[in-house]
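What follows is a set of notes on a single structure, which appears directly below.
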Amino acid sequence: GESVGLHLPTLSVQEGDNSIINCAYSNSASDYFIWYKQESGKGPQFIIDIRSNMDKRQGQRVTVLLNKTVKHLSLQIAATQPGDSAVYFCAEILWSSASKIIFGSGTRLSIRP
Amino acid sequence: NAGVMQNPRHLVRRRGQEARLRCSPMKGHSHVYWYRQLPEEGLKFMVYLQKENIIDESGMPKERFSAEFPKEGPSILRIQQVVRGDSAAYFCASSRRESDTGELFFGEGSRLTVL
């Protein structure tokens, strides 16, 4: 279903360490998943996507893992930098039901110097 | 190639007034989506439009809210008789075609404050 309004959980990470942001999605039939990054005062920005027939996909410094058994998605950011500070949202799409993207509730990533 | 353009970026209205938010999609994009975001929350889908057609408005409140995407000009999200609970950031996104929804490009949002 739709995301429920909650105060954002925060993940605090030391600069240079790896970050792992987790997300539980709602619909086991979802075909496609995306991670978005939203900086303060800006719109969401596409980071990486993964189809439901995959369990891992890598980009530049980012890796997305999909576990369909437990409906879990994670985003791993290697060597976290200050510019990675933002709110990260996972999102799911079910092609057959609509063309809308359903966003998760988000995680705020905070970088310690 | 300009991105998705939204205006105004900030809008202040008194209760009972009307708010009009505009969205110009990226060049070549004919699909527009509107999302609403409350502080410290995720984005909630409102409506999906193609040129001159509303495809999915399942996220739109039944009253006071309407959206259009005319053949010429920007998409407009209209909120009549605004109430304090309408205060939020409203984001528009566009894509070329339905299967590109993973490649939605978002605007910077319009922040509505209702006094």
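Every chain in the structure tokens has a letter given in the order shown (A, B, ...), and although residue numbers restart at 1 in each chain, ligands are simply numbered from 1 in the order shown.
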- Item | Near-A:Leu109 list (10 Å; only C-alpha atoms; drop same-chain fewer than 3 positions) as a list in words | Leu8, Pro9, Thr10, Leu11, Ser12, Val13, Ser19, Ile20, Ile21, Lys37, Thr80, Pro82, Asp84, Ser85, Ala86, Val87, Tyr88, Gly106 and Arg112 of chain A
- Query: Which polymer residues have any atom within 8 Å of an atom of stretch 29-41 of chain B, counting only C-alpha atoms, with same-chain residues fewer than 5 positions away left out, as a list of chain:residue names?
  - Reply: A:Gly5, A:Leu6, A:His7, A:Leu8, A:Lys100, A:Ser105, A:Gly106, B:Met46, B:Val47, B:Tyr48, B:Leu49, B:Gln50, B:Lys51, B:Phe69, B:Ser75, B:Leu77, B:Ser87, B:Ala88, B:Ala89, B:Tyr90, B:Phe91, B:Cys92, B:Ala93, B:Ser94, B:Ser95, B:Arg96, B:Arg97, B:Glu98
- Query: Got a sec to tell me which of chain B DSSP assigns to strand (DSSP E), as number ranges by chain?
  - Reply: B: 5-7, 10-13, 19-24, 31-37, 43-50, 53-56, 65-68, 75-79, 88-95, 105-106, 110-114
- Task: Compile the contact shell of stretch 6-15 of chain B as a list in words: residues with an atom at most 9 Å away, counting only C-alpha atoms, same-chain residues fewer than 4 positions apart removed.
- Result: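 Near neighbours after the sequence-gap exclusion: Ala19, Arg20, Leu21, Arg22, Cys23, Ser24, Pro25, Gln81, Val82, Val83, Arg84, Ala89, Phe91, Cys92, Gly107, Glu108, Gly109, Ser110, Arg111, Leu112, Thr113, Val114 and Leu115 of chain B.
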- Message: Please determine, counting only C-alpha atoms, which residue among A:Asn67, A:Glu92, A:His72, A:Ala29 has the shortest atom-to-atom distance to chain B.
- Response: A:Glu92
- Query: At what distance in Å, to one decimal, does atom CA of A:Trp35 lie from atom CA of A:Asn22?
  - Reply: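 The value is 10.5 Å.
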Tell me, as a PDB file with all heavy atoms, in the first residue's frame, which residues lie within 12 Å of A:Arg57, counting only C-alpha atoms; anything in the same chain fewer than 6 positions away does not count.
ATOM      1  N   PHE A  33      12.056  -1.696  -8.885  1.00  0.00           N
ATOM      2  CA  PHE A  33      12.351  -0.937  -7.674  1.00  0.00           C
ATOM      3  C   PHE A  33      13.399   0.123  -7.973  1.00  0.00           C
ATOM      4  O   PHE A  33      14.299  -0.084  -8.792  1.00  0.00           O
ATOM      5  CB  PHE A  33      12.865  -1.886  -6.576  1.00  0.00           C
ATOM      6  CG  PHE A  33      11.916  -3.001  -6.271  1.00  0.00           C
ATOM      7  CD1 PHE A  33      11.982  -4.193  -6.988  1.00  0.00           C
ATOM      8  CD2 PHE A  33      10.930  -2.853  -5.308  1.00  0.00           C
ATOM      9  CE1 PHE A  33      11.095  -5.228  -6.732  1.00  0.00           C
ATOM     10  CE2 PHE A  33      10.039  -3.892  -5.052  1.00  0.00           C
ATOM     11  CZ  PHE A  33      10.118  -5.071  -5.763  1.00  0.00           C
ATOM     12  N   ILE A  34      13.252   1.236  -7.289  1.00  0.00           N
ATOM     13  CA  ILE A  34      14.166   2.354  -7.525  1.00  0.00           C
ATOM     14  C   ILE A  34      14.588   2.958  -6.189  1.00  0.00           C
ATOM     15  O   ILE A  34      13.798   2.991  -5.244  1.00  0.00           O
ATOM     16  CB  ILE A  34      13.467   3.481  -8.344  1.00  0.00           C
ATOM     17  CG1 ILE A  34      12.780   2.921  -9.579  1.00  0.00           C
ATOM     18  CG2 ILE A  34      14.474   4.560  -8.741  1.00  0.00           C
ATOM     19  CD1 ILE A  34      11.291   3.112  -9.540  1.00  0.00           C
ATOM     20  N   TRP A  35      15.802   3.440  -6.149  1.00  0.00           N
ATOM     21  CA  TRP A  35      16.244   4.266  -5.027  1.00  0.00           C
ATOM     22  C   TRP A  35      16.382   5.700  -5.521  1.00  0.00           C
ATOM     23  O   TRP A  35      16.982   5.969  -6.563  1.00  0.00           O
ATOM     24  CB  TRP A  35      17.582   3.793  -4.471  1.00  0.00           C
ATOM     25  CG  TRP A  35      17.470   2.626  -3.539  1.00  0.00           C
ATOM     26  CD1 TRP A  35      17.686   1.315  -3.827  1.00  0.00           C
ATOM     27  CD2 TRP A  35      17.104   2.681  -2.154  1.00  0.00           C
ATOM     28  NE1 TRP A  35      17.479   0.544  -2.705  1.00  0.00           N
ATOM     29  CE2 TRP A  35      17.119   1.355  -1.658  1.00  0.00           C
ATOM     30  CE3 TRP A  35      16.770   3.717  -1.275  1.00  0.00           C
ATOM     31  CZ2 TRP A  35      16.820   1.035  -0.341  1.00  0.00           C
ATOM     32  CZ3 TRP A  35      16.469   3.405   0.040  1.00  0.00           C
ATOM     33  CH2 TRP A  35      16.499   2.076   0.498  1.00  0.00           C
ATOM     34  N   ILE A  47      18.780   7.330  -8.372  1.00  0.00           N
ATOM     35  CA  ILE A  47      20.130   6.823  -8.089  1.00  0.00           C
ATOM     36  C   ILE A  47      20.384   5.539  -8.864  1.00  0.00           C
ATOM     37  O   ILE A  47      21.333   5.440  -9.631  1.00  0.00           O
ATOM     38  CB  ILE A  47      20.314   6.527  -6.587  1.00  0.00           C
ATOM     39  CG1 ILE A  47      20.058   7.753  -5.742  1.00  0.00           C
ATOM     40  CG2 ILE A  47      21.720   6.000  -6.332  1.00  0.00           C
ATOM     41  CD1 ILE A  47      20.093   7.449  -4.260  1.00  0.00           C
ATOM     42  N   ILE A  48      19.547   4.533  -8.611  1.00  0.00           N
ATOM     43  CA  ILE A  48      19.763   3.227  -9.196  1.00  0.00           C
ATOM     44  C   ILE A  48      18.447   2.457  -9.168  1.00  0.00           C
ATOM     45  O   ILE A  48      17.597   2.703  -8.312  1.00  0.00           O
ATOM     46  CB  ILE A  48      20.875   2.450  -8.445  1.00  0.00           C
ATOM     47  CG1 ILE A  48      21.285   1.191  -9.212  1.00  0.00           C
ATOM     48  CG2 ILE A  48      20.462   2.132  -7.016  1.00  0.00           C
ATOM     49  CD1 ILE A  48      22.566   0.554  -8.686  1.00  0.00           C
ATOM     50  N   ASP A  49      18.296   1.542 -10.108  1.00  0.00           N
ATOM     51  CA  ASP A  49      17.072   0.746 -10.143  1.00  0.00           C
ATOM     52  C   ASP A  49      17.418  -0.731 -10.248  1.00  0.00           C
ATOM     53  O   ASP A  49      18.564  -1.111 -10.511  1.00  0.00           O
ATOM     54  CB  ASP A  49      16.171   1.170 -11.300  1.00  0.00           C
ATOM     55  CG  ASP A  49      16.861   1.058 -12.667  1.00  0.00           C
ATOM     56  OD1 ASP A  49      18.032   0.632 -12.735  1.00  0.00           O
ATOM     57  OD2 ASP A  49      16.214   1.414 -13.669  1.00  0.00           O
ATOM     58  N   ILE A  50      16.401  -1.569 -10.030  1.00  0.00           N
ATOM     59  CA  ILE A  50      16.601  -3.011 -10.151  1.00  0.00           C
ATOM     60  C   ILE A  50      15.266  -3.655 -10.508  1.00  0.00           C
ATOM     61  O   ILE A  50      14.218  -3.255  -9.990  1.00  0.00           O
ATOM     62  CB  ILE A  50      17.183  -3.609  -8.849  1.00  0.00           C
ATOM     63  CG1 ILE A  50      17.555  -5.076  -9.041  1.00  0.00           C
ATOM     64  CG2 ILE A  50      16.219  -3.438  -7.672  1.00  0.00           C
ATOM     65  CD1 ILE A  50      18.403  -5.641  -7.907  1.00  0.00           C
ATOM     66  N   ARG A  51      15.314  -4.624 -11.394  1.00  0.00           N
ATOM     67  CA  ARG A  51      14.089  -5.340 -11.761  1.00  0.00           C
ATOM     68  C   ARG A  51      13.885  -6.520 -10.824  1.00  0.00           C
ATOM     69  O   ARG A  51      14.823  -7.019 -10.216  1.00  0.00           O
ATOM     70  CB  ARG A  51      14.180  -5.812 -13.215  1.00  0.00           C
ATOM     71  CG  ARG A  51      14.278  -4.664 -14.184  1.00  0.00           C
ATOM     72  CD  ARG A  51      14.074  -5.079 -15.632  1.00  0.00           C
ATOM     73  NE  ARG A  51      14.214  -3.923 -16.504  1.00  0.00           N
ATOM     74  CZ  ARG A  51      13.247  -3.045 -16.736  1.00  0.00           C
ATOM     75  NH1 ARG A  51      12.072  -3.205 -16.175  1.00  0.00           N
ATOM     76  NH2 ARG A  51      13.449  -2.017 -17.532  1.00  0.00           N
ATOM     77  N   THR A  63      25.276   0.065  -4.573  1.00  0.00           N
ATOM     78  CA  THR A  63      24.824  -1.286  -4.889  1.00  0.00           C
ATOM     79  C   THR A  63      23.427  -1.440  -4.315  1.00  0.00           C
ATOM     80  O   THR A  63      23.172  -1.032  -3.182  1.00  0.00           O
ATOM     81  CB  THR A  63      25.736  -2.344  -4.262  1.00  0.00           C
ATOM     82  OG1 THR A  63      27.064  -2.173  -4.764  1.00  0.00           O
ATOM     83  CG2 THR A  63      25.245  -3.748  -4.597  1.00  0.00           C
ATOM     84  N   VAL A  64      22.525  -2.005  -5.106  1.00  0.00           N
ATOM     85  CA  VAL A  64      21.189  -2.289  -4.600  1.00  0.00           C
ATOM     86  C   VAL A  64      21.025  -3.801  -4.513  1.00  0.00           C
ATOM     87  O   VAL A  64      21.401  -4.535  -5.430  1.00  0.00           O
ATOM     88  CB  VAL A  64      20.091  -1.642  -5.478  1.00  0.00           C
ATOM     89  CG1 VAL A  64      20.206  -2.050  -6.922  1.00  0.00           C
ATOM     90  CG2 VAL A  64      18.714  -1.982  -4.945  1.00  0.00           C
ATOM     91  N   LEU A  65      20.481  -4.253  -3.390  1.00  0.00           N
ATOM     92  CA  LEU A  65      20.204  -5.668  -3.180  1.00  0.00           C
ATOM     93  C   LEU A  65      18.707  -5.861  -2.997  1.00  0.00           C
ATOM     94  O   LEU A  65      18.061  -5.073  -2.295  1.00  0.00           O
ATOM     95  CB  LEU A  65      20.946  -6.183  -1.935  1.00  0.00           C
ATOM     96  CG  LEU A  65      22.473  -6.085  -1.967  1.00  0.00           C
ATOM     97  CD1 LEU A  65      23.049  -6.571  -0.639  1.00  0.00           C
ATOM     98  CD2 LEU A  65      23.046  -6.896  -3.113  1.00  0.00           C
ATOM     99  N   LEU A  66      18.184  -6.885  -3.622  1.00  0.00           N
ATOM    100  CA  LEU A  66      16.757  -7.177  -3.538  1.00  0.00           C
ATOM    101  C   LEU A  66      16.554  -8.581  -2.999  1.00  0.00           C
ATOM    102  O   LEU A  66      17.079  -9.543  -3.548  1.00  0.00           O
ATOM    103  CB  LEU A  66      16.123  -7.050  -4.931  1.00  0.00           C
ATOM    104  CG  LEU A  66      14.660  -7.444  -5.066  1.00  0.00           C
ATOM    105  CD1 LEU A  66      13.763  -6.556  -4.208  1.00  0.00           C
ATOM    106  CD2 LEU A  66      14.230  -7.405  -6.533  1.00  0.00           C
ATOM    107  N   LEU A  73      14.637  -4.439   0.423  1.00  0.00           N
ATOM    108  CA  LEU A  73      15.518  -3.765  -0.531  1.00  0.00           C
ATOM    109  C   LEU A  73      16.585  -3.008   0.275  1.00  0.00           C
ATOM    110  O   LEU A  73      16.271  -2.431   1.313  1.00  0.00           O
ATOM    111  CB  LEU A  73      14.678  -2.773  -1.330  1.00  0.00           C
ATOM    112  CG  LEU A  73      15.115  -2.216  -2.659  1.00  0.00           C
ATOM    113  CD1 LEU A  73      15.218  -3.323  -3.684  1.00  0.00           C
ATOM    114  CD2 LEU A  73      14.098  -1.185  -3.125  1.00  0.00           C
ATOM    115  N   SER A  74      17.814  -3.027  -0.182  1.00  0.00           N
ATOM    116  CA  SER A  74      18.826  -2.234   0.505  1.00  0.00           C
ATOM    117  C   SER A  74      19.683  -1.473  -0.495  1.00  0.00           C
ATOM    118  O   SER A  74      19.839  -1.889  -1.649  1.00  0.00           O
ATOM    119  CB  SER A  74      19.717  -3.115   1.385  1.00  0.00           C
ATOM    120  OG  SER A  74      20.547  -3.931   0.597  1.00  0.00           O
ATOM    121  N   LEU A  75      20.182  -0.357  -0.026  1.00  0.00           N
ATOM    122  CA  LEU A  75      21.089   0.472  -0.819  1.00  0.00           C
ATOM    123  C   LEU A  75      22.400   0.574  -0.056  1.00  0.00           C
ATOM    124  O   LEU A  75      22.408   0.998   1.100  1.00  0.00           O
ATOM    125  CB  LEU A  75      20.502   1.868  -1.035  1.00  0.00           C
ATOM    126  CG  LEU A  75      21.395   2.859  -1.778  1.00  0.00           C
ATOM    127  CD1 LEU A  75      21.513   2.465  -3.248  1.00  0.00           C
ATOM    128  CD2 LEU A  75      20.862   4.284  -1.649  1.00  0.00           C
ATOM    129  N   GLN A  76      23.468   0.179  -0.693  1.00  0.00           N
ATOM    130  CA  GLN A  76      24.779   0.282  -0.083  1.00  0.00           C
ATOM    131  C   GLN A  76      25.567   1.380  -0.786  1.00  0.00           C
ATOM    132  O   GLN A  76      25.659   1.389  -2.013  1.00  0.00           O
ATOM    133  CB  GLN A  76      25.520  -1.048  -0.187  1.00  0.00           C
ATOM    134  CG  GLN A  76      24.792  -2.186   0.516  1.00  0.00           C
ATOM    135  CD  GLN A  76      25.508  -3.519   0.373  1.00  0.00           C
ATOM    136  OE1 GLN A  76      26.601  -3.595  -0.187  1.00  0.00           O
ATOM    137  NE2 GLN A  76      24.885  -4.572   0.866  1.00  0.00           N
TER     138      GLN A  76
END
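All residues of protein, DNA or RNA that reach within 7 Å of A:Asp31, judged by only C-alpha atoms and not counting those fewer than 3 positions away in the chain, are Arg51, Ser52, Ile93, Leu94 and Trp95 of chain A.
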Writing out the chosen residues with N, CA and C atoms as an mmCIF file, in the first residue's frame:
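As written to disk, part-v9.cif reads:
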data_model
loop_
_atom_site.group_PDB
_atom_site.id
_atom_site.type_symbol
_atom_site.label_atom_id
_atom_site.label_comp_id
_atom_site.auth_asym_id
_atom_site.auth_seq_id
_atom_site.Cartn_x
_atom_site.Cartn_y
_atom_site.Cartn_z
ATOM 1 N N ARG A 51 15.314 -4.624 -11.394
ATOM 2 C CA ARG A 51 14.089 -5.340 -11.761
ATOM 3 C C ARG A 51 13.885 -6.520 -10.824
ATOM 4 N N SER A 52 12.662 -6.988 -10.768
ATOM 5 C CA SER A 52 12.328 -8.029 -9.788
ATOM 6 C C SER A 52 12.984 -9.373 -10.114
ATOM 7 N N ILE A 93 7.267 -0.268 -8.261
ATOM 8 C CA ILE A 93 6.308 -0.113 -9.354
ATOM 9 C C ILE A 93 5.706 -1.473 -9.671
ATOM 10 N N LEU A 94 4.394 -1.465 -9.851
ATOM 11 C CA LEU A 94 3.704 -2.638 -10.374
ATOM 12 C C LEU A 94 3.177 -2.231 -11.739
ATOM 13 N N TRP A 95 3.794 -2.727 -12.792
ATOM 14 C CA TRP A 95 3.468 -2.261 -14.145
ATOM 15 C C TRP A 95 1.992 -2.405 -14.465
#
- Message: If I take atom CA of B:Val4 and atom CA of B:Met26, how far is one from the other in Å, to one decimal?
- Response: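 Calculated distance between atom CA of B:Val4 and atom CA of B:Met26 is 5.0 Å.
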- atom CA of B:Lys44 to atom CA of A:Phe46, straight-line distance in Å: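 Here the two named atoms are 16.6 Å from each other.
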